[in-house]
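Below: one structure, written as structure tokens.
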Amino acid sequence: MAFKVVKPGLSTTVQDLGRPGYFHLGIPEGGAMDRFALRVANMLVGNDEGAAGLEAVFMGPELTFDADTLVAVTGAEMPIFVDGEPREGWSAFVVKAGQTLRFGFLKAGARIYIAFGGGIATPLALGSRSTYPIGALGGIDGRAIAAGDVVPVGEATTMTERSLDRSLLVPVSAPVSLRVLTGLYWHRLTPACQARFFADEWVVAPEADRMGYRFRGGSPMEFVDREQPFGAGSDPSNIVDGCYSYGSIQVPGGQEPIVLHRDAVSGGGYFTLGAVISADMDLIGQLQPNTKVRFTEVTMEEALAARAARRDRLAKLRAALA
Amino acid sequence: MVLNLPAPRFLPCGDAALTVEFAPGIDAAANALALALAADLEAAPLPGLCDVLPTYRSLTLSYDPCVTGFATLRAALRPRIAALRPGAVEGAVRSIPVFYGGPACLDLARLTAEKGMTEDALIALHLGAAYRVAMIGFAPGFAYLSGLPAALATPRRAEVRQRVTEGALGIGGGQASVNSVAAPSAWSYIGQTPLRLFDAARARPCLLAPGDRLRLRRIGEAEFDTLAARACRGEILFDPETPA
């Protein structure tokens with residue numbers, strides 16, 4: 001079984017839940033930007049939650065199928081059509097052999113996830129099918145899908161169409177709040193600057209992709225004086241190169257914060273002031289440029305409670321779809 | 001252990017990672033500790049630990065917060081650190097052939113002018129140093145080196161080049177690099193190795209490992225082309241010649 005790419009969309013990649021364990025080689029974990037959405041799409045079509053699907057940003061692809069295939073689309077709000085007939089998001093529906101799946105204009109969010117019964121069956125690269133273009137890993141030859149690609153799909157376990165109780169989904173509030181644990185070099189900012197970081201309203205910059213989301217509109221950083229350690233250079237926003245963990249907030253030149261996301265580099269020489277909590281990272285993957293955002297300081301206990309709440313929500317969905 | 005370093009600092013990096021910082025700047029003893037701790041954690045992993053990434057002067061650990069936590073890990077790490085043997089990671093000795101020319105030789109002329117050195121003097125200084133791989137990171141297989149002579153330290157450039165070719169040899173502040181894949185960079189570049197530092201299709205995707213000791217060997221354009229072709233075909237992994 002396979003589907004053929006008629007139009008690829010803007011940047012559509014094969015993604016699963018990523019390849020942990022290679023960070024020390026400089027290879028990021030990668031995988032779906034909105035892991036929750038990919039997991040639910042897979043649940044709907046009866047796959048393992050970590051099966052590979054497509055992640056499409058801002059614009060959906062156009063695909064034709066060579067066999068009847070159970071498909072689910074989750075994540076961003078985007079009209080779905082099978083041979084011109086509308087289908088519901090967050091539901092599993094059959095696309096028959098010879099039919100075409102395509103999408104309308106994006107209404108809300110940023111990324112849709114398309115799961116296929118049986119899962120995309122491209123070769124594993126370091127334990128994952130996730131596309132990582134910088135390392136030419138995963139997906140189709142390590143790149144985004146292109147017109148004419150034939151993408152293999154595995155053996156489906158079910159062809160049962162079903163939909164999800166939407167009340168199990170949490171709507172996104174406006175303005176968006178991203179919860180932050182300060183850390184690492186936070187102490188290098190002046191108290192006034194620390195207060196402004198959380199008081200200011202930021203917007204998502206156009207430079208927002210799988211590597212990271214840049215924010216602008218807030219005040220530039222203001223550093224306390226220090227003696228630069230050997231090797232760090234003279235710019236106060238530079239450090240001796242260190243590790244950037246997932247969700248780290250770096251501020252190149254002390255100007256605009258960048259939240260590092262799934263395909264971010266594993267290290268570098270920019271100062272980081274803290275990290276967005278793991279429970280809010282999926283949400284970032286659904287932000288469009290110009291979205292208003294505030295950063296909110298939380299404690300470790302609050303961050304862990306948010307992570308537990310997210311896990312409970314997933315467990316409820318799992319139970320509802322079992 | 002007897003090292004002239006303060007007690008390590010434990011710094012949270014969000015709710016699923018932490019950094020153990022052994023020194024504020026580039027420091028050989030701190031790097032040796034970070035590598036020894038990484039090796040120790042690989043030999044005897046702690047519950048809930050995911051990735052371990054040693055750097056010039058620290059170690060960043062990612063973990064599953066459902067299994068463990070910042071305070072638990074800090075308590076478990078302290079005695080492990082106290083029991084580390086410095087120099088536990090010996091590292092392999094590797095020869096890296098370098099062509100000081102071609103498309104990666106972007107800043108050699110500028111550096112000679114800035115430092116008031118002849119090209120030959122600058123190359124001899126760069127070539128003669130004993131480097132150690134302090135960290136693999138930034139890009140897949142990208143090798144950060146310690147051992148750059150202080151006279152070659154160069155501030156990062158204000159402008160970021162969007163694509164510096166694979167194999168380029170760089171200088172960023174007091175740090176040096178052998179780049180792996182083509183990537184953006186604000187560092188200065190003076191040469192290129194024909195070796196392929198990263199290839200996901202290989203049984204050994206990364207050529208170099210933290211702790212490796214590098215000796216640079218100067219080659220000309222013709223040898224570069226020959227070695228690059230052989231490396232590309234997978235005929236050679238490491239330098240077939242040993243440096244004089």
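Please note that chains go A, B, ... in the order of the structure tokens, that every chain numbers its residues from 1, and that ligands are numbered from 1 in the order shown.
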
Write out as a Markdown table a residue-level contact list of chain B versus chain A with cut-off 8 Å: for each qualifying residue the closest pair of atoms and the distance in Å to one decimal, counting only C-alpha atoms, rows sorted by chain and residue number upward.
| residue | atom | partner | partner_atom | distance |
| --- | --- | --- | --- | --- |
| B:Leu11 | CA | A:Leu184 | CA | 5.5 |
| B:Pro12 | CA | A:Gly183 | CA | 5.6 |
| B:Cys13 | CA | A:Gly183 | CA | 5.9 |
| B:Gly14 | CA | A:Ala275 | CA | 4.7 |
| B:Asp15 | CA | A:Ile277 | CA | 6.1 |
| B:Ala16 | CA | A:Ser278 | CA | 7.3 |
| B:Ala17 | CA | A:Ser245 | CA | 6.7 |
| B:Thr19 | CA | A:Leu184 | CA | 7.8 |
| B:Pro24 | CA | A:Pro229 | CA | 6.2 |
| B:Gly25 | CA | A:Pro229 | CA | 4.8 |
| B:Ile26 | CA | A:Phe230 | CA | 6.1 |
| B:Cys50 | CA | A:Gly21 | CA | 6.5 |
| B:Asp51 | CA | A:Gly21 | CA | 5.5 |
| B:Val52 | CA | A:His24 | CA | 6.2 |
| B:Leu53 | CA | A:His24 | CA | 4.7 |
| B:Pro54 | CA | A:His24 | CA | 7.4 |
| B:Thr55 | CA | A:Gly242 | CA | 5.8 |
| B:Tyr56 | CA | A:Gly242 | CA | 7.3 |
| B:Ser58 | CA | A:Gly242 | CA | 7.5 |
| B:Leu59 | CA | A:Cys243 | CA | 7.8 |
| B:Thr60 | CA | A:Cys243 | CA | 6.3 |
| B:Ser62 | CA | A:Ser245 | CA | 7.4 |
| B:Pro65 | CA | A:Leu304 | CA | 7.3 |
| B:Ile136 | CA | A:Leu25 | CA | 5.7 |
| B:Gly137 | CA | A:Gly26 | CA | 4.0 |
| B:Phe138 | CA | A:Gly267 | CA | 4.3 |
| B:Ala139 | CA | A:Gly26 | CA | 5.0 |
| B:Pro140 | CA | A:Gly26 | CA | 4.1 |
| B:Gly141 | CA | A:Leu25 | CA | 5.5 |
| B:Phe142 | CA | A:Gly26 | CA | 6.9 |
| B:Ala153 | CA | A:Gly231 | CA | 8.0 |
| B:Pro155 | CA | A:Gly233 | CA | 5.6 |
| B:Arg156 | CA | A:Gly233 | CA | 7.2 |
| B:Gly173 | CA | A:Gly231 | CA | 5.2 |
| B:Gly174 | CA | A:Gly231 | CA | 4.2 |
| B:Gln175 | CA | A:Gly231 | CA | 6.2 |
| B:Val181 | CA | A:Gly135 | CA | 7.3 |
| B:Ala182 | CA | A:Ile134 | CA | 8.0 |
| B:Ala183 | CA | A:Ile134 | CA | 7.8 |
| B:Ala200 | CA | A:Leu137 | CA | 6.9 |
| B:Cys206 | CA | A:Leu25 | CA | 6.9 |

Keeping only C-alpha atoms, write those residues as a PDB file, in the first residue's frame.
ATOM      1  CA  LEU B  11      21.302  24.371  36.901  1.00  0.00           C
ATOM      2  CA  PRO B  12      17.767  23.472  35.789  1.00  0.00           C
ATOM      3  CA  CYS B  13      17.027  23.615  32.029  1.00  0.00           C
ATOM      4  CA  GLY B  14      13.254  23.390  32.062  1.00  0.00           C
ATOM      5  CA  ASP B  15      11.431  20.459  33.660  1.00  0.00           C
ATOM      6  CA  ALA B  16      13.208  17.689  31.765  1.00  0.00           C
ATOM      7  CA  ALA B  17      16.914  18.615  31.694  1.00  0.00           C
ATOM      8  CA  THR B  19      23.211  21.138  33.512  1.00  0.00           C
ATOM      9  CA  PRO B  24      32.468  29.183  34.007  1.00  0.00           C
ATOM     10  CA  GLY B  25      34.769  29.130  30.963  1.00  0.00           C
ATOM     11  CA  ILE B  26      36.778  26.757  28.759  1.00  0.00           C
ATOM     12  CA  CYS B  50      17.717  10.066  28.573  1.00  0.00           C
ATOM     13  CA  ASP B  51      20.528  11.975  26.841  1.00  0.00           C
ATOM     14  CA  VAL B  52      23.915  12.987  28.228  1.00  0.00           C
ATOM     15  CA  LEU B  53      25.839  15.737  26.433  1.00  0.00           C
ATOM     16  CA  PRO B  54      29.296  16.792  27.682  1.00  0.00           C
ATOM     17  CA  THR B  55      30.612  20.261  26.763  1.00  0.00           C
ATOM     18  CA  TYR B  56      33.794  22.321  27.308  1.00  0.00           C
ATOM     19  CA  SER B  58      29.675  21.211  31.751  1.00  0.00           C
ATOM     20  CA  LEU B  59      27.363  18.293  31.150  1.00  0.00           C
ATOM     21  CA  THR B  60      23.706  18.566  30.215  1.00  0.00           C
ATOM     22  CA  SER B  62      17.868  15.229  29.798  1.00  0.00           C
ATOM     23  CA  PRO B  65      10.351  13.832  34.833  1.00  0.00           C
ATOM     24  CA  ILE B 136      30.212  16.987  19.787  1.00  0.00           C
ATOM     25  CA  GLY B 137      27.228  19.164  19.161  1.00  0.00           C
ATOM     26  CA  PHE B 138      25.554  22.050  17.354  1.00  0.00           C
ATOM     27  CA  ALA B 139      25.200  19.970  14.170  1.00  0.00           C
ATOM     28  CA  PRO B 140      25.429  16.173  13.710  1.00  0.00           C
ATOM     29  CA  GLY B 141      29.051  15.172  14.313  1.00  0.00           C
ATOM     30  CA  PHE B 142      30.334  18.771  14.605  1.00  0.00           C
ATOM     31  CA  ALA B 153      41.422  33.457  19.229  1.00  0.00           C
ATOM     32  CA  PRO B 155      35.702  37.067  18.074  1.00  0.00           C
ATOM     33  CA  ARG B 156      32.649  35.679  16.312  1.00  0.00           C
ATOM     34  CA  GLY B 173      36.368  33.089  20.160  1.00  0.00           C
ATOM     35  CA  GLY B 174      38.873  30.812  21.916  1.00  0.00           C
ATOM     36  CA  GLN B 175      37.167  27.747  20.474  1.00  0.00           C
ATOM     37  CA  VAL B 181      27.669  19.012   7.725  1.00  0.00           C
ATOM     38  CA  ALA B 182      27.062  22.304   5.890  1.00  0.00           C
ATOM     39  CA  ALA B 183      25.476  24.734   8.363  1.00  0.00           C
ATOM     40  CA  ALA B 200      24.081   8.664   8.913  1.00  0.00           C
ATOM     41  CA  CYS B 206      30.215  10.279  13.755  1.00  0.00           C
TER      42      CYS B 206
END

Expected answer as an mmCIF file with C-alpha atoms, in the first residue's frame: strand (DSSP E) residues in range 42-160 of chain B:
data_model
loop_
_atom_site.group_PDB
_atom_site.id
_atom_site.type_symbol
_atom_site.label_atom_id
_atom_site.label_comp_id
_atom_site.auth_asym_id
_atom_site.auth_seq_id
_atom_site.Cartn_x
_atom_site.Cartn_y
_atom_site.Cartn_z
ATOM 1 C CA LEU B 49 18.111 9.543 32.338
ATOM 2 C CA CYS B 50 17.717 10.066 28.573
ATOM 3 C CA ASP B 51 20.528 11.975 26.841
ATOM 4 C CA VAL B 52 23.915 12.987 28.228
ATOM 5 C CA LEU B 53 25.839 15.737 26.433
ATOM 6 C CA PRO B 54 29.296 16.792 27.682
ATOM 7 C CA SER B 58 29.675 21.211 31.751
ATOM 8 C CA LEU B 59 27.363 18.293 31.150
ATOM 9 C CA THR B 60 23.706 18.566 30.215
ATOM 10 C CA LEU B 61 21.389 15.675 31.067
ATOM 11 C CA SER B 62 17.868 15.229 29.798
ATOM 12 C CA TYR B 63 15.547 13.059 31.822
ATOM 13 C CA VAL B 93 44.633 9.936 18.602
ATOM 14 C CA ARG B 94 43.385 10.986 15.155
ATOM 15 C CA SER B 95 45.103 12.626 12.229
ATOM 16 C CA ILE B 96 43.041 15.246 10.399
ATOM 17 C CA PRO B 97 44.296 16.244 6.944
ATOM 18 C CA VAL B 98 43.652 19.962 6.298
ATOM 19 C CA PHE B 99 43.778 21.968 3.082
ATOM 20 C CA TYR B 131 43.707 19.708 19.989
ATOM 21 C CA ARG B 132 41.222 17.694 21.943
ATOM 22 C CA VAL B 133 37.564 17.113 21.009
ATOM 23 C CA ALA B 134 35.794 18.853 23.881
ATOM 24 C CA MET B 135 32.241 18.378 22.682
ATOM 25 C CA ILE B 136 30.212 16.987 19.787
ATOM 26 C CA ALA B 143 33.552 18.643 16.668
ATOM 27 C CA TYR B 144 34.287 21.454 19.105
ATOM 28 C CA LEU B 145 37.992 21.534 19.946
ATOM 29 C CA SER B 146 40.012 22.809 22.850
#

| field | Top pick for closest residue to Met221 in chain A, considering A:Val82, A:Val73, A:Ala195, A:Val94 and counting only C-alpha atoms | value | A:Ala195

| message | Among range 48-181 of chain A, which ones does DSSP assign to helix (DSSP H, G or I) (computed from the backbone)? Answer as JSON, numbers by chain. | response | {"A": [133, 134, 135, 166, 167, 168]}

Residue contacts of range 233-244 of chain B (12 Å, only C-alpha atoms) excluding same-chain residues fewer than 5 positions away, as a compact mmCIF listing (two decimals) with all heavy atoms, in the first residue's frame:
# COMPACT_ATOMS: atom_id res chain seq x y z
N ALA B 92 41.02 8.66 21.58
CA ALA B 92 41.85 8.13 20.50
C ALA B 92 42.68 9.27 19.90
O ALA B 92 42.28 10.42 19.96
CB ALA B 92 40.97 7.50 19.43
N VAL B 93 43.84 8.94 19.33
CA VAL B 93 44.63 9.94 18.60
C VAL B 93 44.26 9.85 17.13
O VAL B 93 44.28 8.75 16.55
CB VAL B 93 46.15 9.69 18.79
CG1 VAL B 93 46.97 10.72 17.99
CG2 VAL B 93 46.51 9.76 20.27
N ARG B 94 43.84 10.97 16.55
CA ARG B 94 43.39 10.99 15.16
C ARG B 94 44.16 12.02 14.35
O ARG B 94 44.38 13.13 14.84
CB ARG B 94 41.90 11.35 15.07
CG ARG B 94 40.97 10.49 15.90
CD ARG B 94 40.78 9.13 15.30
NE ARG B 94 39.78 8.35 16.03
CZ ARG B 94 39.72 7.03 16.00
NH1 ARG B 94 40.58 6.34 15.28
NH2 ARG B 94 38.81 6.38 16.68
N SER B 95 44.49 11.66 13.14
CA SER B 95 45.10 12.63 12.23
C SER B 95 44.01 13.24 11.35
O SER B 95 43.17 12.52 10.82
CB SER B 95 46.14 11.91 11.36
OG SER B 95 46.48 12.75 10.27
N ILE B 96 44.03 14.56 11.24
CA ILE B 96 43.04 15.25 10.40
C ILE B 96 43.79 15.98 9.28
O ILE B 96 44.49 16.96 9.54
CB ILE B 96 42.22 16.28 11.23
CG1 ILE B 96 41.54 15.61 12.43
CG2 ILE B 96 41.20 17.00 10.35
CD1 ILE B 96 40.43 14.65 12.11
N PRO B 97 43.67 15.51 8.03
CA PRO B 97 44.30 16.24 6.94
C PRO B 97 43.55 17.55 6.68
O PRO B 97 42.31 17.56 6.68
CB PRO B 97 44.16 15.30 5.74
CG PRO B 97 43.16 14.26 6.12
CD PRO B 97 42.93 14.32 7.59
N VAL B 98 44.30 18.64 6.49
CA VAL B 98 43.65 19.96 6.30
C VAL B 98 44.25 20.66 5.08
O VAL B 98 45.46 20.78 4.96
CB VAL B 98 43.86 20.87 7.53
CG1 VAL B 98 43.12 22.20 7.34
CG2 VAL B 98 43.38 20.19 8.81
N LEU B 127 48.32 24.63 12.82
CA LEU B 127 48.66 23.24 12.52
C LEU B 127 49.38 22.56 13.68
O LEU B 127 49.21 21.37 13.93
CB LEU B 127 49.59 23.26 11.29
CG LEU B 127 49.72 22.06 10.38
CD1 LEU B 127 48.37 21.66 9.82
CD2 LEU B 127 50.67 22.40 9.24
N GLY B 128 50.19 23.33 14.39
CA GLY B 128 51.09 22.74 15.38
C GLY B 128 50.45 22.48 16.73
O GLY B 128 51.03 21.79 17.57
N THR B 193 38.83 19.86 5.84
CA THR B 193 39.30 18.48 5.79
C THR B 193 38.45 17.69 4.79
O THR B 193 37.25 17.93 4.69
CB THR B 193 39.25 17.79 7.18
OG1 THR B 193 39.76 16.46 7.04
CG2 THR B 193 37.85 17.73 7.73
N PRO B 194 39.08 16.77 4.07
CA PRO B 194 38.29 15.94 3.14
C PRO B 194 37.57 14.79 3.86
O PRO B 194 36.75 14.12 3.25
CB PRO B 194 39.35 15.39 2.18
CG PRO B 194 40.62 15.39 2.98
CD PRO B 194 40.53 16.54 3.95
N LEU B 195 37.88 14.56 5.13
CA LEU B 195 37.22 13.46 5.86
C LEU B 195 35.74 13.78 6.05
O LEU B 195 35.36 14.94 6.18
CB LEU B 195 37.89 13.24 7.22
CG LEU B 195 39.37 12.88 7.22
CD1 LEU B 195 39.86 12.67 8.65
CD2 LEU B 195 39.66 11.65 6.36
N ARG B 196 34.94 12.76 6.09
CA ARG B 196 33.48 12.95 6.30
C ARG B 196 33.18 12.70 7.78
O ARG B 196 33.12 11.57 8.23
CB ARG B 196 32.68 11.99 5.43
CG ARG B 196 32.67 12.40 3.96
CD ARG B 196 32.01 11.34 3.11
NE ARG B 196 30.61 11.18 3.43
CZ ARG B 196 29.64 11.98 2.96
NH1 ARG B 196 29.94 12.96 2.17
NH2 ARG B 196 28.39 11.76 3.29
N LEU B 197 32.97 13.80 8.51
CA LEU B 197 32.78 13.68 9.95
C LEU B 197 31.44 13.05 10.32
O LEU B 197 31.30 12.47 11.38
CB LEU B 197 32.92 15.04 10.64
CG LEU B 197 34.33 15.24 11.21
CD1 LEU B 197 35.34 15.45 10.12
CD2 LEU B 197 34.35 16.37 12.21
N PHE B 198 30.45 13.21 9.41
CA PHE B 198 29.13 12.63 9.71
C PHE B 198 28.55 11.99 8.47
O PHE B 198 28.54 12.57 7.39
CB PHE B 198 28.17 13.70 10.23
CG PHE B 198 26.80 13.15 10.54
CD1 PHE B 198 26.58 12.45 11.71
CD2 PHE B 198 25.74 13.31 9.65
CE1 PHE B 198 25.32 11.90 12.00
CE2 PHE B 198 24.49 12.77 9.93
CZ PHE B 198 24.28 12.07 11.10
N ASP B 199 28.06 10.77 8.64
CA ASP B 199 27.33 10.09 7.57
C ASP B 199 26.38 9.12 8.25
O ASP B 199 26.80 8.12 8.83
CB ASP B 199 28.31 9.36 6.65
CG ASP B 199 27.59 8.70 5.48
OD1 ASP B 199 26.35 8.60 5.51
OD2 ASP B 199 28.28 8.29 4.53
N ALA B 201 24.43 7.02 7.15
CA ALA B 201 24.33 5.69 6.56
C ALA B 201 25.45 4.77 7.03
O ALA B 201 25.39 3.56 6.80
CB ALA B 201 24.35 5.81 5.03
N ARG B 202 26.47 5.36 7.67
CA ARG B 202 27.60 4.57 8.14
C ARG B 202 27.29 3.86 9.44
O ARG B 202 26.49 4.34 10.23
CB ARG B 202 28.77 5.53 8.42
CG ARG B 202 29.85 5.49 7.39
CD ARG B 202 31.02 6.40 7.64
NE ARG B 202 30.99 7.38 8.68
CZ ARG B 202 31.56 8.60 8.57
NH1 ARG B 202 32.16 8.95 7.45
NH2 ARG B 202 31.52 9.44 9.56
N ALA B 203 27.97 2.73 9.68
CA ALA B 203 27.81 2.03 10.97
C ALA B 203 28.29 2.95 12.10
O ALA B 203 27.79 2.88 13.21
CB ALA B 203 28.62 0.74 10.97
N ARG B 204 29.26 3.81 11.78
CA ARG B 204 29.76 4.77 12.75
C ARG B 204 29.42 6.16 12.19
O ARG B 204 30.20 6.75 11.44
CB ARG B 204 31.28 4.59 12.86
CG ARG B 204 31.98 5.50 13.81
CD ARG B 204 33.51 5.47 13.53
NE ARG B 204 34.17 6.42 14.42
CZ ARG B 204 34.84 6.03 15.50
NH1 ARG B 204 34.98 4.78 15.79
NH2 ARG B 204 35.40 6.95 16.26
N PRO B 205 28.24 6.69 12.54
CA PRO B 205 27.81 7.95 11.91
C PRO B 205 28.78 9.11 12.18
O PRO B 205 29.05 9.91 11.29
CB PRO B 205 26.44 8.24 12.53
CG PRO B 205 25.98 6.94 13.10
CD PRO B 205 27.21 6.16 13.46
N CYS B 206 29.31 9.18 13.42
CA CYS B 206 30.22 10.28 13.76
C CYS B 206 31.64 9.76 13.80
O CYS B 206 31.93 8.76 14.46
CB CYS B 206 29.87 10.87 15.12
SG CYS B 206 28.35 11.77 15.08
N LEU B 207 32.53 10.46 13.09
CA LEU B 207 33.92 10.04 13.03
C LEU B 207 34.61 10.25 14.37
O LEU B 207 35.39 9.42 14.82
CB LEU B 207 34.62 10.90 11.97
CG LEU B 207 35.87 10.33 11.35
CD1 LEU B 207 35.58 9.01 10.67
CD2 LEU B 207 36.44 11.33 10.34
N LEU B 208 34.35 11.40 15.00
CA LEU B 208 35.10 11.79 16.20
C LEU B 208 34.23 11.67 17.44
O LEU B 208 33.01 11.74 17.36
CB LEU B 208 35.61 13.22 16.05
CG LEU B 208 36.53 13.46 14.84
CD1 LEU B 208 36.90 14.94 14.73
CD2 LEU B 208 37.79 12.59 14.93
N LEU B 214 43.49 15.33 18.49
CA LEU B 214 43.68 15.53 17.05
C LEU B 214 45.04 16.12 16.74
O LEU B 214 45.52 17.02 17.44
CB LEU B 214 42.60 16.48 16.50
CG LEU B 214 41.14 16.11 16.76
CD1 LEU B 214 40.22 17.03 15.94
CD2 LEU B 214 40.85 14.66 16.41
N ARG B 215 45.66 15.58 15.68
CA ARG B 215 46.86 16.17 15.10
C ARG B 215 46.49 16.57 13.69
O ARG B 215 45.97 15.76 12.93
CB ARG B 215 48.01 15.15 15.06
CG ARG B 215 48.38 14.58 16.42
CD ARG B 215 48.95 15.61 17.35
NE ARG B 215 50.20 16.22 16.84
CZ ARG B 215 50.86 17.19 17.47
NH1 ARG B 215 50.40 17.68 18.59
NH2 ARG B 215 51.97 17.67 16.96
N LEU B 216 46.77 17.82 13.34
CA LEU B 216 46.42 18.26 11.99
C LEU B 216 47.60 18.00 11.05
O LEU B 216 48.76 18.11 11.45
CB LEU B 216 46.08 19.75 11.97
CG LEU B 216 45.00 20.22 12.96
CD1 LEU B 216 44.65 21.68 12.72
CD2 LEU B 216 43.75 19.36 12.88
N ARG B 217 47.28 17.61 9.82
CA ARG B 217 48.30 17.36 8.80
C ARG B 217 47.97 18.21 7.59
O ARG B 217 46.86 18.13 7.05
CB ARG B 217 48.30 15.87 8.42
CG ARG B 217 49.34 15.49 7.38
CD ARG B 217 49.38 13.98 7.17
NE ARG B 217 48.25 13.47 6.41
CZ ARG B 217 48.21 13.39 5.06
NH1 ARG B 217 49.23 13.81 4.35
NH2 ARG B 217 47.15 12.90 4.46
N ARG B 218 48.93 19.06 7.17
CA ARG B 218 48.66 19.96 6.05
C ARG B 218 48.73 19.21 4.72
O ARG B 218 49.68 18.48 4.46
CB ARG B 218 49.67 21.11 6.05
CG ARG B 218 49.31 22.18 5.03
CD ARG B 218 50.22 23.38 5.13
NE ARG B 218 49.76 24.43 4.22
CZ ARG B 218 50.34 25.61 4.11
NH1 ARG B 218 51.39 25.91 4.85
NH2 ARG B 218 49.86 26.51 3.26
N ILE B 219 47.72 19.40 3.90
CA ILE B 219 47.71 18.78 2.56
C ILE B 219 47.44 19.86 1.52
O ILE B 219 46.94 20.95 1.84
CB ILE B 219 46.64 17.66 2.43
CG1 ILE B 219 45.24 18.21 2.77
CG2 ILE B 219 46.97 16.48 3.34
CD1 ILE B 219 44.10 17.25 2.44
N GLU B 223 45.82 16.49 -3.11
CA GLU B 223 45.59 15.43 -2.12
C GLU B 223 44.20 15.56 -1.50
O GLU B 223 43.53 14.56 -1.22
CB GLU B 223 46.67 15.46 -1.02
CG GLU B 223 46.58 14.22 -0.12
CD GLU B 223 47.69 14.12 0.91
OE1 GLU B 223 48.58 14.98 0.94
OE2 GLU B 223 47.65 13.15 1.70
N PHE B 224 43.77 16.82 -1.31
CA PHE B 224 42.41 17.05 -0.81
C PHE B 224 41.39 16.38 -1.73
O PHE B 224 40.51 15.64 -1.28
CB PHE B 224 42.10 18.55 -0.69
CG PHE B 224 40.70 18.83 -0.22
CD1 PHE B 224 40.41 18.98 1.13
CD2 PHE B 224 39.63 18.89 -1.12
CE1 PHE B 224 39.11 19.20 1.57
CE2 PHE B 224 38.33 19.11 -0.69
CZ PHE B 224 38.07 19.27 0.65
N THR B 226 41.77 13.98 -3.93
CA THR B 226 41.89 12.52 -3.92
C THR B 226 41.23 11.94 -2.66
O THR B 226 40.42 11.01 -2.75
CB THR B 226 43.38 12.11 -3.93
OG1 THR B 226 44.01 12.80 -5.02
CG2 THR B 226 43.54 10.62 -4.10
N LEU B 227 41.59 12.52 -1.51
CA LEU B 227 41.04 11.99 -0.25
C LEU B 227 39.54 12.21 -0.16
O LEU B 227 38.80 11.35 0.33
CB LEU B 227 41.75 12.65 0.95
CG LEU B 227 43.22 12.29 1.17
CD1 LEU B 227 43.78 13.05 2.37
CD2 LEU B 227 43.38 10.79 1.36
N ALA B 228 39.07 13.37 -0.64
CA ALA B 228 37.63 13.66 -0.58
C ALA B 228 36.86 12.64 -1.41
O ALA B 228 35.80 12.15 -0.98
CB ALA B 228 37.36 15.09 -1.07

| Can you tell me, as a PyMOL selection string, what residues are no more than 10 Å from range 118-121 of chain B when counting only C-alpha atoms, ignoring any on the same chain fewer than 6 positions away? | chain B and resi 100+108-109+111-112+127

Could you take the residues named above and write them with all heavy atoms, as an mmCIF file, in the first residue's frame?
data_model
loop_
_atom_site.group_PDB
_atom_site.id
_atom_site.type_symbol
_atom_site.label_atom_id
_atom_site.label_comp_id
_atom_site.auth_asym_id
_atom_site.auth_seq_id
_atom_site.Cartn_x
_atom_site.Cartn_y
_atom_site.Cartn_z
ATOM 1 N N TYR B 100 44.482 24.250 3.560
ATOM 2 C CA TYR B 100 44.249 25.660 3.899
ATOM 3 C C TYR B 100 43.973 26.447 2.618
ATOM 4 O O TYR B 100 44.756 27.288 2.191
ATOM 5 C CB TYR B 100 45.456 26.220 4.659
ATOM 6 C CG TYR B 100 45.580 25.652 6.058
ATOM 7 C CD1 TYR B 100 46.305 24.477 6.294
ATOM 8 C CD2 TYR B 100 44.951 26.259 7.137
ATOM 9 C CE1 TYR B 100 46.410 23.940 7.562
ATOM 10 C CE2 TYR B 100 45.050 25.729 8.422
ATOM 11 C CZ TYR B 100 45.779 24.568 8.624
ATOM 12 O OH TYR B 100 45.876 24.041 9.886
ATOM 13 N N LEU B 108 41.046 33.439 6.034
ATOM 14 C CA LEU B 108 42.487 33.364 6.283
ATOM 15 C C LEU B 108 43.159 34.717 6.037
ATOM 16 O O LEU B 108 43.952 35.183 6.867
ATOM 17 C CB LEU B 108 43.114 32.265 5.404
ATOM 18 C CG LEU B 108 44.600 31.974 5.627
ATOM 19 C CD1 LEU B 108 44.881 31.592 7.073
ATOM 20 C CD2 LEU B 108 45.080 30.863 4.693
ATOM 21 N N ALA B 109 42.828 35.359 4.923
ATOM 22 C CA ALA B 109 43.463 36.642 4.586
ATOM 23 C C ALA B 109 43.129 37.695 5.649
ATOM 24 O O ALA B 109 44.004 38.445 6.096
ATOM 25 C CB ALA B 109 42.991 37.109 3.205
ATOM 26 N N LEU B 111 42.322 37.204 8.798
ATOM 27 C CA LEU B 111 42.968 36.874 10.069
ATOM 28 C C LEU B 111 44.459 37.226 10.055
ATOM 29 O O LEU B 111 44.987 37.728 11.047
ATOM 30 C CB LEU B 111 42.772 35.388 10.398
ATOM 31 C CG LEU B 111 41.647 35.095 11.395
ATOM 32 C CD1 LEU B 111 40.311 35.627 10.915
ATOM 33 C CD2 LEU B 111 41.540 33.607 11.686
ATOM 34 N N THR B 112 45.135 36.953 8.927
ATOM 35 C CA THR B 112 46.566 37.296 8.866
ATOM 36 C C THR B 112 46.727 38.803 9.016
ATOM 37 O O THR B 112 47.627 39.266 9.727
ATOM 38 C CB THR B 112 47.220 36.826 7.546
ATOM 39 O OG1 THR B 112 46.477 37.363 6.463
ATOM 40 C CG2 THR B 112 47.272 35.324 7.444
ATOM 41 N N LEU B 127 48.322 24.625 12.822
ATOM 42 C CA LEU B 127 48.660 23.244 12.518
ATOM 43 C C LEU B 127 49.383 22.564 13.683
ATOM 44 O O LEU B 127 49.208 21.374 13.925
ATOM 45 C CB LEU B 127 49.587 23.264 11.288
ATOM 46 C CG LEU B 127 49.717 22.058 10.384
ATOM 47 C CD1 LEU B 127 48.370 21.660 9.818
ATOM 48 C CD2 LEU B 127 50.670 22.404 9.236
#
